[in-house]
There are 2 protein chains.
Amino acid sequence: MPEKVRVLLADDHAVLRSGLSLLINNQKDFSVVGEAPTGIATIALSEELAPDLLLLDINMPKLGGLEIITTLKQKSPDMKILILTMHDEPEYLRQALKSGASGYILKKAADTELLSAMRAVINGEVYVHSAITKSILKDMLPEEVGDKEKDEWEDLSPREKQVLRLVALGHTRQEIAEKIGLSSKTVDTYRARGMDKLGLKTRASLVRFALQRHLLN
Amino acid sequence: MPEKVRVLLADDHAVLRSGLSLLINNQKDFSVVGEAPTGIATIALSEELAPDLLLLDINMPKLGGLEIITTLKQKSPDMKILILTMHDEPEYLRQALKSGASGYILKKAADTELLSAMRAVINGEVYVHSAITKSILKDMLPEEVGDKEKDEWEDLSPREKQVLRLVALGHTRQEIAEKIGLSSKTVDTYRARGMDKLGLKTRASLVRFALQRHLLN
DNA sequence: ATCTTTGTAAGGAAATATCCTTCATTTGTA
DNA sequence: TACAAATGAAGGATATTTCCTTACAAAGAT
């Protein structure tokens with residue numbers, strides 16, 4: 001049989017490490033080669049043991065997870081990193097992947113899920129727990145969130161929407177006037193009315209508003 | 001046994017409809033109650049047959065898919081809609097979900113996947129094909145795409161990046177000056193230098209640039 | 001039948017932004 | 001060491017935007 005995948009566990013909870021260790025060593029294709037309780041230990045052991053896969057909890061004391069990933073990837077670029085965490089916030093995911101992690105799975109996941117995530121990552125795939133995928137998708141779903149505020153936008157007249165969108169995209173009143181074939185004074189008016197309806201005072205706050213609602217693009 | 005889930009197939013390819021029909025009728029929990037080759041037929045049959053689930057291809061001639069979803073959801077709000085399409089572009093996904101679809105699966109998916117997507121949607125979940133989930137995630141991954149042009153941005157000095165980003169977010173030079181603690185004249189300078197390096201002349205083109213590269217947020 | 005919203009447009013003062021140039025340090029690099 | 005790039009800043013003329021107000025016709029709502 002081929003050599004087993006060498007795994008390093010990094011988590012500050014000893015109990016969890018033991019449990020995972022048992023689970024993983026029980027597989028025919030994995031073996032735990034080390035355990036690290038802190039960020040510093042994780043970096044040290046990664047270099048010492050050169051594991052194929054690191055199971056990393058990003059809530060360890062000292063040198064919190066996110067910055068650590070960058071460091072680890074620099075020192076051990078071939079080691080795959082699978083984040084194992086309680087946080088199902090898309091922002092963590094984003095940053096983790098951006099920093100170089102190859103997978104992101106939640107602690108509430110089932111054993112079998114963890115194992116298939118580990119296998120996926122080892123095979124060069126990017127694995128993301130479905131629960132968090134869903135929370136990313138949520139941005140795309142109707143209703144669910146942001147009702148009263150979405151209505152605010154829908155309360156605008158077509159012209160107001162059109163003009164505000166162009167303003168948010170960085171166009172000047174004159175560019176807009178040309179683009180939609182009206183006087184720039186008229187553009188002024190729509191802009192002012194729209195901003196007023198939305199309760200916004202600055203262009204920056206309008207841009208924030210538009211980005212949140214995916215009105216650009 | 002409970003009643004079967006009543007399915008309406010909407011796709012302009014007769015062959016595909018036949019194939020799907022066979023596959024679906026072969027399941028113990030589904031039965032195809034109708035087939036529609038056009039958007040108009042889809043609307044008519046949805047009202048007439050009141051199916052539980054609509055399998056919809058968004059490339060049908062006449063009344064193309066996306067607008068049709070809104071109409072369907074208005075007339076038959078309880079009917080679930082699963083989009084079945086060739087297009088794995090995130091933008092289609094976004095619009096489809098926004099319009100009221102409950103799922104999005106690609107034609108290249110395996111039979112079993114289609115069926116589990118159908119079951120998920122019927123159970124009130126939102127199903128999205130993993131291939132397209134990946135292409136959404138791609139935005140979050142490092143490197144991969146956009147090399148030569150990303151370099152353009154990376155050629156900027158830190159200050160230039162910082163200022164241009166804030167400009168793209170709609171801030172005025174003065175807001176920026178305060179925010180980063182420099183004179184607004186200095187902000188002017190960085191803005192001008194940065195724009196010059198990127199070969200951009202207008203704020204709108206800067207915003208376009210930034211949006212494409214996901215520099216905002 | 002009246003009130004509100006929408007579309008369109010303008011005047012004019014005050015605030016801002018833009019453009020182009022120049023300059024002095026500091027730091028990195030050939 | 002010398003040259004290039006980055007940082008920080010300013011002057012000043014001109015161009016634009018912003019703000020506030022006013023106006024009027026058509027459409028929709030009450």
# chains A, B, ... in the order shown; residues from 1 in each chain; ligands from 1
$ interface_residues --of "chain C" --to "chain A" --cutoff "12 Å" --atoms "only C-alpha atoms (C1' of nucleotides)" --output "PyMOL selection string"
chain C and resi 5-11+17
$ residues_around --residues "DC23 (chain C)" --least-positions-apart "5" --cutoff "12 Å" --atoms "only C-alpha atoms (C1' of nucleotides)" --output "CSV table (one decimal) with C-alpha atoms (C1' of nucleotides), in the first residue's frame"
chain,number,residue,atom,x,y,z
D,8,DG,C1',5.2,64.0,2.1
D,9,DA,C1',3.8,68.6,0.8
D,10,DA,C1',2.6,73.0,-1.5
D,11,DG,C1',1.1,76.9,-5.0
$ residues_around --residues "Lys73 (chain A)" --least-positions-apart "6" --cutoff "10 Å" --atoms "only C-alpha atoms (C1' of nucleotides)" --output "ChimeraX atom specification"
/A:43,46,79-81,99-101
$ calpha_fit_rmsd --fixed "chain B" --moving "chain A"
0.8 Å
$ interface_residues --of "chain D" --to "chain A" --cutoff "10 Å" --atoms "only C-alpha atoms (C1' of nucleotides)" --output "PyMOL selection string"
chain D and resi 16-19
$ write_last_selection --atoms "C-alpha atoms (C1' of nucleotides)" --output "PDB file, in the first residue's frame"
ATOM      1  C1'  DT D  16     -16.346  70.803 -11.561  1.00  0.00           C
ATOM      2  C1'  DT D  17     -19.324  69.651  -8.094  1.00  0.00           C
ATOM      3  C1'  DT D  18     -22.316  70.500  -4.513  1.00  0.00           C
ATOM      4  C1'  DC D  19     -26.164  72.809  -2.323  1.00  0.00           C
TER       5       DC D  19
END
$ closest_residue --among "A:Leu97, A:Ala110, A:Lys201, A:His129" --to "chain B" --atoms "only C-alpha atoms"
A:Leu97
$ interface_residues --of "chain B" --to "chain A" --cutoff "8 Å" --atoms "only C-alpha atoms" --output "list of chain:residue names"
B:Arg94, B:Gln95, B:Leu97, B:Lys98, B:Ser99, B:Gly100, B:Thr133, B:Met140, B:Leu141, B:Pro142, B:Ala168, B:Leu169, B:Gly170, B:His171, B:Thr172, B:Thr202, B:Arg203, B:Ala204, B:Ser205, B:Leu206, B:Val207, B:Arg208, B:Leu211, B:Asn217
$ atom_distance --atom1 "CA of Thr85 (chain A)" --atom2 "CA of Asp11 (chain A)"
9.5 Å
$ residues_around --residues "Val7 (chain B)" --least-positions-apart "3" --cutoff "6 Å" --atoms "only C-alpha atoms (C1' of nucleotides)" --output "PyMOL selection string"
chain B and resi 31-33+51+53-54
$ write_last_selection --atoms "C-alpha atoms" --output "tab-separated table (two decimals), in the first residue's frame"
chain	number	residue	atom	x	y	z
B	31	SER	CA	-43.34	11.74	-11.43
B	32	VAL	CA	-43.23	13.97	-14.49
B	33	VAL	CA	-46.60	15.58	-15.05
B	51	PRO	CA	-46.47	21.07	-10.21
B	53	LEU	CA	-41.14	21.29	-8.89
B	54	LEU	CA	-40.08	22.87	-12.13
$ closest_residue --among "B:Lys108, B:Lys4, B:Arg191, B:Lys197" --to "Phe30 (chain B)" --atoms "only C-alpha atoms"
B:Lys4
$ residues_around --residues "DA4 (chain D)" --least-positions-apart "6" --cutoff "12 Å" --atoms "only C-alpha atoms (C1' of nucleotides)" --output "PyMOL selection string"
chain C and resi 27-30
$ write_last_selection --atoms "C-alpha atoms (C1' of nucleotides)" --output "mmCIF file, in the first residue's frame"
data_model
loop_
_atom_site.group_PDB
_atom_site.id
_atom_site.type_symbol
_atom_site.label_atom_id
_atom_site.label_comp_id
_atom_site.auth_asym_id
_atom_site.auth_seq_id
_atom_site.Cartn_x
_atom_site.Cartn_y
_atom_site.Cartn_z
ATOM 1 C "C1'" DT C 27 15.321 54.268 1.431
ATOM 2 C "C1'" DG C 28 16.473 50.788 -1.746
ATOM 3 C "C1'" DT C 29 19.416 49.205 -5.363
ATOM 4 C "C1'" DA C 30 22.809 48.832 -9.198
#
